[in-house]
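Q: What follows is my_file.cif; its format and atoms are mmCIF, C-alpha atoms, pLDDT in the B column; chains and numbers go by the auth columns.
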```cif
data_start
loop_
_atom_site.group_PDB
_atom_site.id
_atom_site.type_symbol
_atom_site.label_atom_id
_atom_site.label_comp_id
_atom_site.label_asym_id
_atom_site.label_seq_id
_atom_site.Cartn_x
_atom_site.Cartn_y
_atom_site.Cartn_z
_atom_site.B_iso_or_equiv
_atom_site.auth_seq_id
_atom_site.auth_asym_id
ATOM 1 C CA MET A 1 4.845 -17.382 22.706 40.00 1 A
ATOM 2 C CA ASN A 2 1.102 -17.374 22.217 41.00 2 A
ATOM 3 C CA ASP A 3 0.804 -13.943 20.752 43.00 3 A
ATOM 4 C CA VAL A 4 2.342 -14.728 17.374 43.00 4 A
ATOM 5 C CA ALA A 5 -0.798 -16.407 16.019 42.00 5 A
ATOM 6 C CA VAL A 6 -1.899 -14.371 13.017 40.00 6 A
ATOM 7 C CA LYS A 7 -5.585 -13.928 12.386 41.00 7 A
ATOM 8 C CA PRO A 8 -6.317 -15.450 8.973 43.00 8 A
ATOM 9 C CA ASP A 9 -8.172 -12.408 7.689 58.00 9 A
ATOM 10 C CA THR A 10 -5.587 -9.780 8.482 67.00 10 A
ATOM 11 C CA GLN A 11 -2.299 -8.898 6.842 73.00 11 A
ATOM 12 C CA GLU A 12 0.747 -6.912 7.781 81.00 12 A
ATOM 13 C CA ILE A 13 3.342 -4.688 6.154 83.00 13 A
ATOM 14 C CA VAL A 14 6.939 -5.310 7.175 86.00 14 A
ATOM 15 C CA VAL A 15 9.865 -3.015 6.386 87.00 15 A
ATOM 16 C CA ASP A 16 13.195 -4.101 7.793 89.00 16 A
ATOM 17 C CA GLU A 17 16.423 -2.184 7.191 91.00 17 A
ATOM 18 C CA VAL A 18 19.853 -1.726 8.747 93.00 18 A
ATOM 19 C CA PHE A 19 20.941 1.855 9.431 94.00 19 A
ATOM 20 C CA PRO A 20 24.553 2.862 10.146 93.00 20 A
ATOM 21 C CA HIS A 21 23.571 4.630 13.383 93.00 21 A
ATOM 22 C CA ARG A 22 23.299 3.716 17.054 94.00 22 A
ATOM 23 C CA PRO A 23 19.931 2.576 18.478 95.00 23 A
ATOM 24 C CA GLU A 24 19.873 5.684 20.723 95.00 24 A
ATOM 25 C CA THR A 25 20.021 7.962 17.672 94.00 25 A
ATOM 26 C CA ILE A 26 17.287 6.081 15.844 94.00 26 A
ATOM 27 C CA TRP A 27 15.129 6.006 18.980 96.00 27 A
ATOM 28 C CA LYS A 28 15.299 9.802 19.019 94.00 28 A
ATOM 29 C CA THR A 29 13.923 10.028 15.474 94.00 29 A
ATOM 30 C CA LEU A 30 11.060 7.718 16.458 95.00 30 A
ATOM 31 C CA THR A 31 10.121 9.555 19.637 96.00 31 A
ATOM 32 C CA SER A 32 10.883 13.259 19.258 94.00 32 A
ATOM 33 C CA GLY A 33 7.904 15.100 17.787 94.00 33 A
ATOM 34 C CA ALA A 34 10.150 17.591 15.991 94.00 34 A
ATOM 35 C CA LEU A 35 12.190 14.804 14.369 93.00 35 A
ATOM 36 C CA MET A 36 9.129 12.662 13.575 93.00 36 A
ATOM 37 C CA ALA A 37 7.713 15.647 11.694 93.00 37 A
ATOM 38 C CA ARG A 38 10.832 15.708 9.507 93.00 38 A
ATOM 39 C CA TRP A 39 10.656 12.143 8.200 93.00 39 A
ATOM 40 C CA MET A 40 7.219 10.734 9.024 91.00 40 A
ATOM 41 C CA MET A 41 4.426 13.133 9.927 91.00 41 A
ATOM 42 C CA GLU A 42 3.995 15.722 12.633 94.00 42 A
ATOM 43 C CA PRO A 43 2.349 14.126 15.674 96.00 43 A
ATOM 44 C CA ASN A 44 0.010 16.010 17.998 97.00 44 A
ATOM 45 C CA GLY A 45 0.474 15.180 21.659 96.00 45 A
ATOM 46 C CA PHE A 46 2.982 12.366 21.266 97.00 46 A
ATOM 47 C CA GLU A 47 5.112 11.203 24.191 96.00 47 A
ATOM 48 C CA PRO A 48 6.862 7.840 24.382 97.00 48 A
ATOM 49 C CA VAL A 49 4.855 6.830 27.437 97.00 49 A
ATOM 50 C CA ALA A 50 2.494 3.851 27.558 97.00 50 A
ATOM 51 C CA GLY A 51 -1.147 4.978 27.617 97.00 51 A
ATOM 52 C CA LYS A 52 -0.456 8.313 25.902 97.00 52 A
ATOM 53 C CA ASP A 53 -2.930 9.280 23.155 98.00 53 A
ATOM 54 C CA PHE A 54 -1.809 11.266 20.111 97.00 54 A
ATOM 55 C CA THR A 55 -2.921 11.990 16.538 97.00 55 A
ATOM 56 C CA PHE A 56 -1.633 12.524 13.019 94.00 56 A
ATOM 57 C CA GLN A 57 -3.490 14.631 10.470 94.00 57 A
ATOM 58 C CA THR A 58 -3.767 13.039 7.019 90.00 58 A
ATOM 59 C CA ARG A 59 -5.822 13.475 3.864 86.00 59 A
ATOM 60 C CA PRO A 60 -9.583 13.263 4.607 89.00 60 A
ATOM 61 C CA ALA A 61 -11.866 10.886 2.699 84.00 61 A
ATOM 62 C CA GLY A 62 -15.666 10.977 2.646 87.00 62 A
ATOM 63 C CA GLU A 63 -17.044 11.334 6.150 90.00 63 A
ATOM 64 C CA TRP A 64 -13.623 10.745 7.702 91.00 64 A
ATOM 65 C CA ASP A 65 -11.723 13.919 8.633 94.00 65 A
ATOM 66 C CA GLY A 66 -8.334 12.294 8.037 91.00 66 A
ATOM 67 C CA THR A 67 -7.304 12.089 11.699 95.00 67 A
ATOM 68 C CA ILE A 68 -5.249 9.040 12.643 94.00 68 A
ATOM 69 C CA ARG A 69 -5.831 8.313 16.343 96.00 69 A
ATOM 70 C CA CYS A 70 -2.997 6.588 18.126 97.00 70 A
ATOM 71 C CA ARG A 71 -2.235 5.300 21.604 98.00 71 A
ATOM 72 C CA VAL A 72 1.182 4.295 22.857 98.00 72 A
ATOM 73 C CA LEU A 73 0.979 0.715 24.100 98.00 73 A
ATOM 74 C CA GLU A 74 4.616 0.036 24.819 97.00 74 A
ATOM 75 C CA ALA A 75 7.777 2.142 24.948 97.00 75 A
ATOM 76 C CA ILE A 76 11.066 0.493 25.886 97.00 76 A
ATOM 77 C CA PRO A 77 13.779 3.081 25.183 97.00 77 A
ATOM 78 C CA ASN A 78 16.151 2.149 22.343 97.00 78 A
ATOM 79 C CA GLU A 79 14.409 -1.210 21.859 97.00 79 A
ATOM 80 C CA ARG A 80 10.722 -1.230 21.136 98.00 80 A
ATOM 81 C CA LEU A 81 7.846 1.148 20.497 97.00 81 A
ATOM 82 C CA VAL A 82 4.284 0.012 19.866 98.00 82 A
ATOM 83 C CA TYR A 83 1.245 2.157 19.131 97.00 83 A
ATOM 84 C CA ALA A 84 -2.323 1.597 18.004 96.00 84 A
ATOM 85 C CA TRP A 85 -3.058 3.325 14.682 94.00 85 A
ATOM 86 C CA THR A 86 -6.763 3.804 13.975 94.00 86 A
ATOM 87 C CA GLY A 87 -8.920 5.924 11.702 91.00 87 A
ATOM 88 C CA GLY A 88 -11.256 5.840 8.740 88.00 88 A
ATOM 89 C CA HIS A 89 -14.995 5.524 8.449 87.00 89 A
ATOM 90 C CA ASP A 90 -17.368 2.642 7.714 83.00 90 A
ATOM 91 C CA GLY A 91 -18.823 4.611 4.811 80.00 91 A
ATOM 92 C CA ASN A 92 -15.551 4.513 2.843 78.00 92 A
ATOM 93 C CA ASP A 93 -14.009 1.865 0.586 71.00 93 A
ATOM 94 C CA GLY A 94 -10.268 1.427 0.166 70.00 94 A
ATOM 95 C CA TYR A 95 -8.381 4.528 1.311 74.00 95 A
ATOM 96 C CA GLY A 96 -10.336 6.053 4.212 81.00 96 A
ATOM 97 C CA SER A 97 -12.194 2.885 5.190 81.00 97 A
ATOM 98 C CA ARG A 98 -12.282 1.739 8.823 84.00 98 A
ATOM 99 C CA LEU A 99 -8.739 1.121 10.031 86.00 99 A
ATOM 100 C CA ASP A 100 -7.796 -0.566 13.296 89.00 100 A
ATOM 101 C CA THR A 101 -4.116 -1.423 13.159 89.00 101 A
ATOM 102 C CA LEU A 102 -0.937 -1.674 15.182 93.00 102 A
ATOM 103 C CA VAL A 103 2.471 -0.141 14.458 94.00 103 A
ATOM 104 C CA THR A 104 5.460 -1.886 16.056 95.00 104 A
ATOM 105 C CA TRP A 105 9.019 -0.569 15.857 95.00 105 A
ATOM 106 C CA THR A 106 11.832 -2.884 16.937 96.00 106 A
ATOM 107 C CA LEU A 107 15.455 -1.765 17.202 96.00 107 A
ATOM 108 C CA SER A 108 18.269 -4.263 17.515 97.00 108 A
ATOM 109 C CA PRO A 109 21.997 -3.537 17.485 96.00 109 A
ATOM 110 C CA VAL A 110 23.989 -5.188 14.694 96.00 110 A
ATOM 111 C CA SER A 111 27.728 -5.007 13.963 93.00 111 A
ATOM 112 C CA ASP A 112 27.447 -2.077 11.551 90.00 112 A
ATOM 113 C CA GLY A 113 24.608 -0.172 13.156 93.00 113 A
ATOM 114 C CA THR A 114 20.991 -0.867 14.029 94.00 114 A
ATOM 115 C CA ARG A 115 18.364 -3.053 12.470 94.00 115 A
ATOM 116 C CA LEU A 116 15.066 -1.188 12.402 93.00 116 A
ATOM 117 C CA ARG A 117 12.000 -3.290 11.816 93.00 117 A
ATOM 118 C CA LEU A 118 8.551 -1.846 11.240 92.00 118 A
ATOM 119 C CA VAL A 119 5.511 -4.099 11.390 91.00 119 A
ATOM 120 C CA HIS A 120 2.215 -2.421 10.564 89.00 120 A
ATOM 121 C CA SER A 121 -0.339 -5.133 11.286 86.00 121 A
ATOM 122 C CA GLY A 122 -4.070 -5.726 11.390 84.00 122 A
ATOM 123 C CA PHE A 123 -5.149 -4.807 7.847 78.00 123 A
ATOM 124 C CA VAL A 124 -8.424 -6.518 7.109 71.00 124 A
ATOM 125 C CA LEU A 125 -8.621 -7.563 3.482 59.00 125 A
ATOM 126 C CA PRO A 126 -11.857 -7.764 1.547 49.00 126 A
ATOM 127 C CA ARG A 127 -13.401 -11.004 2.771 34.00 127 A
ATOM 128 C CA ASN A 128 -14.581 -13.909 0.641 29.00 128 A
ATOM 129 C CA ASP A 129 -12.173 -13.051 -2.103 34.00 129 A
ATOM 130 C CA THR A 130 -9.298 -15.469 -2.364 36.00 130 A
ATOM 131 C CA ALA A 131 -8.296 -13.873 -5.639 34.00 131 A
ATOM 132 C CA TYR A 132 -7.114 -10.840 -3.718 37.00 132 A
ATOM 133 C CA ARG A 133 -4.870 -12.971 -1.548 39.00 133 A
ATOM 134 C CA ASN A 134 -3.523 -14.953 -4.481 38.00 134 A
ATOM 135 C CA MET A 135 -2.322 -11.977 -6.420 38.00 135 A
ATOM 136 C CA SER A 136 1.330 -12.175 -7.255 36.00 136 A
ATOM 137 C CA GLU A 137 4.239 -9.823 -6.805 42.00 137 A
ATOM 138 C CA GLY A 138 3.647 -8.569 -10.370 41.00 138 A
ATOM 139 C CA TRP A 139 0.276 -7.365 -9.311 43.00 139 A
ATOM 140 C CA LYS A 140 1.692 -5.426 -6.376 47.00 140 A
ATOM 141 C CA LYS A 141 4.111 -3.749 -8.748 49.00 141 A
ATOM 142 C CA VAL A 142 1.232 -2.588 -10.921 48.00 142 A
ATOM 143 C CA VAL A 143 -0.627 -1.190 -7.946 44.00 143 A
ATOM 144 C CA ARG A 144 2.519 0.510 -6.707 48.00 144 A
ATOM 145 C CA ASN A 145 3.194 2.195 -10.019 46.00 145 A
ATOM 146 C CA LEU A 146 -0.361 3.065 -10.836 42.00 146 A
ATOM 147 C CA GLY A 147 -1.228 3.822 -7.231 39.00 147 A
ATOM 148 C CA ASP A 148 1.059 6.830 -7.431 44.00 148 A
ATOM 149 C CA ALA A 149 -0.790 8.059 -10.498 38.00 149 A
ATOM 150 C CA VAL A 150 -4.124 7.723 -8.732 36.00 150 A
ATOM 151 C CA GLU A 151 -2.779 9.348 -5.596 41.00 151 A
ATOM 152 C CA GLY A 152 -1.629 12.303 -7.670 40.00 152 A
ATOM 153 C CA GLN A 153 -5.190 13.011 -8.706 36.00 153 A
ATOM 154 C CA GLY A 154 -6.529 12.932 -5.168 34.00 154 A
ATOM 155 C CA MET B 1 -23.256 -10.215 -1.067 32.00 1 B
ATOM 156 C CA THR B 2 -24.918 -10.852 -4.420 32.00 2 B
ATOM 157 C CA GLU B 3 -24.296 -7.485 -6.007 36.00 3 B
ATOM 158 C CA ALA B 4 -20.894 -7.030 -7.605 41.00 4 B
ATOM 159 C CA THR B 5 -19.166 -3.899 -6.334 45.00 5 B
ATOM 160 C CA PRO B 6 -16.601 -2.113 -8.520 60.00 6 B
ATOM 161 C CA ILE B 7 -13.755 -3.413 -6.377 60.00 7 B
ATOM 162 C CA ASP B 8 -14.918 -6.992 -6.973 66.00 8 B
ATOM 163 C CA ALA B 9 -15.086 -6.385 -10.716 73.00 9 B
ATOM 164 C CA VAL B 10 -11.556 -4.978 -10.816 75.00 10 B
ATOM 165 C CA MET B 11 -10.160 -7.784 -8.653 71.00 11 B
ATOM 166 C CA ARG B 12 -11.874 -10.453 -10.711 76.00 12 B
ATOM 167 C CA ALA B 13 -10.556 -8.958 -13.938 80.00 13 B
ATOM 168 C CA LEU B 14 -6.991 -8.973 -12.627 77.00 14 B
ATOM 169 C CA ALA B 15 -7.088 -12.298 -10.783 73.00 15 B
ATOM 170 C CA ASP B 16 -6.398 -14.194 -14.015 78.00 16 B
ATOM 171 C CA PRO B 17 -2.607 -14.266 -14.570 77.00 17 B
ATOM 172 C CA THR B 18 -2.821 -14.071 -18.380 83.00 18 B
ATOM 173 C CA ARG B 19 -5.257 -11.191 -18.240 86.00 19 B
ATOM 174 C CA ARG B 20 -3.083 -9.460 -15.679 81.00 20 B
ATOM 175 C CA ALA B 21 -0.105 -9.885 -18.029 82.00 21 B
ATOM 176 C CA VAL B 22 -2.158 -8.382 -20.866 88.00 22 B
ATOM 177 C CA PHE B 23 -3.057 -5.447 -18.638 86.00 23 B
ATOM 178 C CA GLU B 24 0.565 -4.900 -17.621 80.00 24 B
ATOM 179 C CA ARG B 25 1.614 -4.833 -21.285 84.00 25 B
ATOM 180 C CA VAL B 26 -1.135 -2.356 -22.136 87.00 26 B
ATOM 181 C CA ALA B 27 -0.159 -0.261 -19.114 79.00 27 B
ATOM 182 C CA GLY B 28 3.497 -0.400 -20.194 76.00 28 B
ATOM 183 C CA SER B 29 2.823 1.141 -23.608 81.00 29 B
ATOM 184 C CA GLU B 30 1.088 4.310 -24.588 83.00 30 B
ATOM 185 C CA GLU B 31 -1.218 2.512 -27.015 90.00 31 B
ATOM 186 C CA ILE B 32 -1.079 -1.000 -28.337 93.00 32 B
ATOM 187 C CA SER B 33 -3.024 -3.021 -30.906 92.00 33 B
ATOM 188 C CA VAL B 34 -4.407 -6.538 -30.494 91.00 34 B
ATOM 189 C CA VAL B 35 -1.939 -7.774 -33.106 91.00 35 B
ATOM 190 C CA GLU B 36 1.023 -6.365 -31.178 91.00 36 B
ATOM 191 C CA LEU B 37 -0.310 -7.793 -27.931 91.00 37 B
ATOM 192 C CA THR B 38 -0.711 -11.232 -29.492 91.00 38 B
ATOM 193 C CA ARG B 39 2.825 -11.286 -30.879 88.00 39 B
ATOM 194 C CA GLY B 40 5.066 -13.292 -28.565 78.00 40 B
ATOM 195 C CA SER B 41 2.301 -13.803 -26.019 81.00 41 B
ATOM 196 C CA GLY B 42 1.848 -17.529 -26.616 84.00 42 B
ATOM 197 C CA VAL B 43 -1.934 -17.200 -26.788 87.00 43 B
ATOM 198 C CA THR B 44 -4.286 -16.690 -29.715 92.00 44 B
ATOM 199 C CA GLN B 45 -5.560 -13.336 -30.915 92.00 45 B
ATOM 200 C CA GLY B 46 -9.082 -14.461 -29.997 93.00 46 B
ATOM 201 C CA ALA B 47 -8.008 -15.117 -26.418 93.00 47 B
ATOM 202 C CA ILE B 48 -6.293 -11.724 -26.196 93.00 48 B
ATOM 203 C CA SER B 49 -9.465 -10.063 -27.486 93.00 49 B
ATOM 204 C CA GLN B 50 -11.519 -11.816 -24.807 93.00 50 B
ATOM 205 C CA HIS B 51 -9.140 -10.620 -22.091 93.00 51 B
ATOM 206 C CA LEU B 52 -9.280 -7.071 -23.448 94.00 52 B
ATOM 207 C CA LYS B 53 -13.061 -7.233 -23.414 94.00 53 B
ATOM 208 C CA ALA B 54 -13.032 -8.223 -19.736 92.00 54 B
ATOM 209 C CA LEU B 55 -10.513 -5.486 -18.895 92.00 55 B
ATOM 210 C CA LYS B 56 -12.662 -2.955 -20.739 92.00 56 B
ATOM 211 C CA GLN B 57 -15.772 -4.033 -18.803 90.00 57 B
ATOM 212 C CA ALA B 58 -13.850 -3.596 -15.555 87.00 58 B
ATOM 213 C CA GLY B 59 -12.934 -0.051 -16.614 86.00 59 B
ATOM 214 C CA LEU B 60 -9.224 -0.834 -16.803 87.00 60 B
ATOM 215 C CA VAL B 61 -8.625 -0.208 -20.518 91.00 61 B
ATOM 216 C CA ALA B 62 -10.117 2.022 -23.203 91.00 62 B
ATOM 217 C CA GLU B 63 -10.176 1.316 -26.952 93.00 63 B
ATOM 218 C CA ARG B 64 -9.745 3.499 -29.995 93.00 64 B
ATOM 219 C CA PRO B 65 -10.662 2.083 -33.413 92.00 65 B
ATOM 220 C CA GLU B 66 -8.578 3.277 -36.373 90.00 66 B
ATOM 221 C CA GLY B 67 -9.436 1.780 -39.734 90.00 67 B
ATOM 222 C CA ARG B 68 -9.394 -1.971 -39.306 87.00 68 B
ATOM 223 C CA LYS B 69 -7.239 -1.820 -36.204 88.00 69 B
ATOM 224 C CA VAL B 70 -8.246 -1.211 -32.609 91.00 70 B
ATOM 225 C CA TYR B 71 -5.777 0.361 -30.206 94.00 71 B
ATOM 226 C CA TYR B 72 -5.918 -0.059 -26.453 94.00 72 B
ATOM 227 C CA ARG B 73 -4.599 2.074 -23.637 90.00 73 B
ATOM 228 C CA ALA B 74 -4.710 1.592 -19.867 84.00 74 B
ATOM 229 C CA LYS B 75 -7.038 3.596 -17.656 79.00 75 B
ATOM 230 C CA PRO B 76 -5.129 3.845 -14.382 66.00 76 B
ATOM 231 C CA GLU B 77 -8.106 5.514 -12.705 66.00 77 B
ATOM 232 C CA GLY B 78 -9.854 2.135 -13.052 72.00 78 B
ATOM 233 C CA LEU B 79 -7.538 0.890 -10.311 69.00 79 B
ATOM 234 C CA ALA B 80 -8.689 3.557 -7.857 62.00 80 B
ATOM 235 C CA PRO B 81 -10.897 1.155 -5.858 60.00 81 B
ATOM 236 C CA LEU B 82 -7.815 -0.972 -5.241 61.00 82 B
ATOM 237 C CA VAL B 83 -5.683 1.793 -3.819 58.00 83 B
ATOM 238 C CA ASP B 84 -6.616 0.523 -0.397 70.00 84 B
ATOM 239 C CA TRP B 85 -5.116 1.070 3.005 76.00 85 B
ATOM 240 C CA MET B 86 -2.601 -1.672 2.651 75.00 86 B
ATOM 241 C CA SER B 87 -1.136 -0.524 -0.655 72.00 87 B
ATOM 242 C CA HIS B 88 -1.297 3.060 0.614 76.00 88 B
ATOM 243 C CA TYR B 89 0.778 2.230 3.678 83.00 89 B
ATOM 244 C CA GLY B 90 3.075 -0.115 1.746 78.00 90 B
ATOM 245 C CA VAL B 91 4.168 2.880 -0.333 77.00 91 B
ATOM 246 C CA PHE B 92 3.987 5.275 2.631 85.00 92 B
ATOM 247 C CA TRP B 93 6.379 3.312 4.882 88.00 93 B
ATOM 248 C CA ARG B 94 8.913 2.552 2.140 84.00 94 B
ATOM 249 C CA GLU B 95 9.094 6.254 1.335 86.00 95 B
ATOM 250 C CA ARG B 96 9.350 7.151 5.032 91.00 96 B
ATOM 251 C CA PHE B 97 12.263 4.776 5.544 92.00 97 B
ATOM 252 C CA ALA B 98 14.097 6.575 2.739 91.00 98 B
ATOM 253 C CA SER B 99 13.378 9.949 4.404 92.00 99 B
ATOM 254 C CA LEU B 100 14.524 8.600 7.764 95.00 100 B
ATOM 255 C CA ARG B 101 17.812 7.456 6.205 95.00 101 B
ATOM 256 C CA SER B 102 18.494 10.974 4.869 94.00 102 B
ATOM 257 C CA LEU B 103 17.518 12.591 8.160 95.00 103 B
ATOM 258 C CA LEU B 104 19.827 10.290 10.135 96.00 104 B
ATOM 259 C CA LYS B 105 22.682 11.038 7.753 94.00 105 B
ATOM 260 C CA GLU B 106 22.107 14.736 8.411 94.00 106 B
ATOM 261 C CA ILE B 107 21.821 14.645 12.215 94.00 107 B
ATOM 262 C CA ASP B 108 24.430 11.916 12.780 91.00 108 B
ATOM 263 C CA PRO B 109 26.942 12.116 9.915 90.00 109 B
#
```
Once you've parsed the file, please lay out its structure as structure tokens.

A:
Amino acid sequence: MNDVAVKPDTQEIVVDEVFPHRPETIWKTLTSGALMARWMMEPNGFEPVAGKDFTFQTRPAGEWDGTIRCRVLEAIPNERLVYAWTGGHDGNDGYGSRLDTLVTWTLSPVSDGTRLRLVHSGFVLPRNDTAYRNMSEGWKKVVRNLGDAVEGQG
Amino acid sequence: MTEATPIDAVMRALADPTRRAVFERVAGSEEISVVELTRGSGVTQGAISQHLKALKQAGLVAERPEGRKVYYRAKPEGLAPLVDWMSHYGVFWRERFASLRSLLKEIDP
């Protein structure tokens, strides 16, 4: 496997949980527009077909209109769904800045259901700042708690 | 990059573990005095004051003098530059997983 090399300046978010449902059921929630709208966001033009472009509408920031532009890169029913997730604008910092990422969903059957793993990869962190990388779990907690407060004002 | 941007200032202020701990304690209470912050911290009152000064310069805390005491409170809006894409999506996906769990329970009981 050559494709597992991680670029040193990018980071990923991983959420990995077991659900007491069959992969087929979970696949439906990941690929039906009506169901996606109920737990994630409503997609425009989504189809689980490689090469298909679709969008999500989110909160705008600065010169960015809030549109997340996506393209399906891989769709293996009940197993794996990969799409590009891009948006933002060079004129923004933090939320709303240029975003060029990848969302990968992996479903694997386990004895009591299905393991669903989300990897959202390709976040570029502020460069030349090791302090950012060295921040501990305690720091993340602060951002999480206070991030909500900040979000509420936006 | 010679000019310090606000995000750099905030990150630098919070990169120090002791200062970060001071900030978390301030953030965890409505208002707190230097004396209270020093108690049980293992560092001197002078050191705490220095950390508070740095946090104030970074826009993370505000002070209110009352008699001979000075009270500090957190300014969460000072963290706004740090609510970046990654922390945004960290919260976003965790919340979405919780919504997905409820939806699945409903459509496949």

Q: Might you spell out which residues the PyMOL selection byres ((chain B and resi 27-40) around 7) would select in the displayed file, as an MDAnalysis selection string?

A: chainID B and resid 23:26 41:45 48:49 69:74

Q: Neighbouring residues of Gly59 of chain B were defined as those with any atom within 8 Å, considering only C-alpha atoms; residues of the same chain fewer than 3 positions away were excluded. Please report them as a ChimeraX atom specification.

A: /B:10,55-56,62,75,78

Q: Wanna dump the segment 24-100 of chain B-segment 27-43 of chain A contacts at 6 Å for me, each residue with its shortest atom pair and the distance in Å to one decimal, counting all atoms listed in the file, ordered by chain and number, as a tab-separated table?

A:
```
residue	atom	partner	partner_atom	distance
B:Arg96	CA	A:Met40	CA	5.8
B:Ser99	CA	A:Trp39	CA	5.2
B:Leu100	CA	A:Trp39	CA	5.3
```

Q: State, in Å with one decimal place, the distance from atom CA of Thr104 of chain A to atom CA of Glu24 of chain A.

A: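 Between these atoms lies a distance of 16.9 Å.
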
Q: Ranking A:Asn44, A:Arg71, A:Glu79, A:Gln57 by minimum distance to Pro109 of chain A and counting all atoms listed in the file, which one comes first?

A: A:Glu79

Q: With N, CA and C atoms as the target, complete segment 40-52 of chain B and hand it back as a PDB file, keeping the file's coordinate frame.

A:
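The result, stored in result_13.pdb:
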```pdb
ATOM      1  N   GLY B  40       4.186 -12.860 -29.655  1.00 78.00           N
ATOM      2  CA  GLY B  40       5.066 -13.292 -28.565  1.00 78.00           C
ATOM      3  C   GLY B  40       4.357 -13.579 -27.257  1.00 78.00           C
ATOM      4  N   SER B  41       3.023 -13.598 -27.273  1.00 81.00           N
ATOM      5  CA  SER B  41       2.301 -13.803 -26.019  1.00 81.00           C
ATOM      6  C   SER B  41       2.047 -15.281 -25.734  1.00 81.00           C
ATOM      7  N   GLY B  42       2.102 -16.103 -26.809  1.00 84.00           N
ATOM      8  CA  GLY B  42       1.848 -17.529 -26.616  1.00 84.00           C
ATOM      9  C   GLY B  42       0.370 -17.887 -26.568  1.00 84.00           C
ATOM     10  N   VAL B  43      -0.493 -16.899 -26.720  1.00 87.00           N
ATOM     11  CA  VAL B  43      -1.934 -17.200 -26.788  1.00 87.00           C
ATOM     12  C   VAL B  43      -2.509 -16.635 -28.083  1.00 87.00           C
ATOM     13  N   THR B  44      -3.692 -17.102 -28.444  1.00 92.00           N
ATOM     14  CA  THR B  44      -4.286 -16.690 -29.715  1.00 92.00           C
ATOM     15  C   THR B  44      -4.831 -15.266 -29.648  1.00 92.00           C
ATOM     16  N   GLN B  45      -5.017 -14.693 -30.841  1.00 92.00           N
ATOM     17  CA  GLN B  45      -5.560 -13.336 -30.915  1.00 92.00           C
ATOM     18  C   GLN B  45      -6.973 -13.285 -30.340  1.00 92.00           C
ATOM     19  N   GLY B  46      -7.727 -14.386 -30.553  1.00 93.00           N
ATOM     20  CA  GLY B  46      -9.082 -14.461 -29.997  1.00 93.00           C
ATOM     21  C   GLY B  46      -9.068 -14.391 -28.479  1.00 93.00           C
ATOM     22  N   ALA B  47      -8.111 -15.111 -27.881  1.00 93.00           N
ATOM     23  CA  ALA B  47      -8.008 -15.117 -26.418  1.00 93.00           C
ATOM     24  C   ALA B  47      -7.645 -13.732 -25.895  1.00 93.00           C
ATOM     25  N   ILE B  48      -6.690 -13.080 -26.589  1.00 93.00           N
ATOM     26  CA  ILE B  48      -6.293 -11.724 -26.196  1.00 93.00           C
ATOM     27  C   ILE B  48      -7.496 -10.789 -26.262  1.00 93.00           C
ATOM     28  N   SER B  49      -8.284 -10.919 -27.335  1.00 93.00           N
ATOM     29  CA  SER B  49      -9.465 -10.063 -27.486  1.00 93.00           C
ATOM     30  C   SER B  49     -10.453 -10.267 -26.343  1.00 93.00           C
ATOM     31  N   GLN B  50     -10.620 -11.520 -25.929  1.00 93.00           N
ATOM     32  CA  GLN B  50     -11.519 -11.816 -24.807  1.00 93.00           C
ATOM     33  C   GLN B  50     -11.025 -11.147 -23.522  1.00 93.00           C
ATOM     34  N   HIS B  51      -9.717 -11.245 -23.291  1.00 93.00           N
ATOM     35  CA  HIS B  51      -9.140 -10.620 -22.091  1.00 93.00           C
ATOM     36  C   HIS B  51      -9.327  -9.104 -22.123  1.00 93.00           C
ATOM     37  N   LEU B  52      -9.126  -8.519 -23.320  1.00 94.00           N
ATOM     38  CA  LEU B  52      -9.280  -7.071 -23.448  1.00 94.00           C
ATOM     39  C   LEU B  52     -10.725  -6.656 -23.185  1.00 94.00           C
TER      40      LEU B  52
END
```
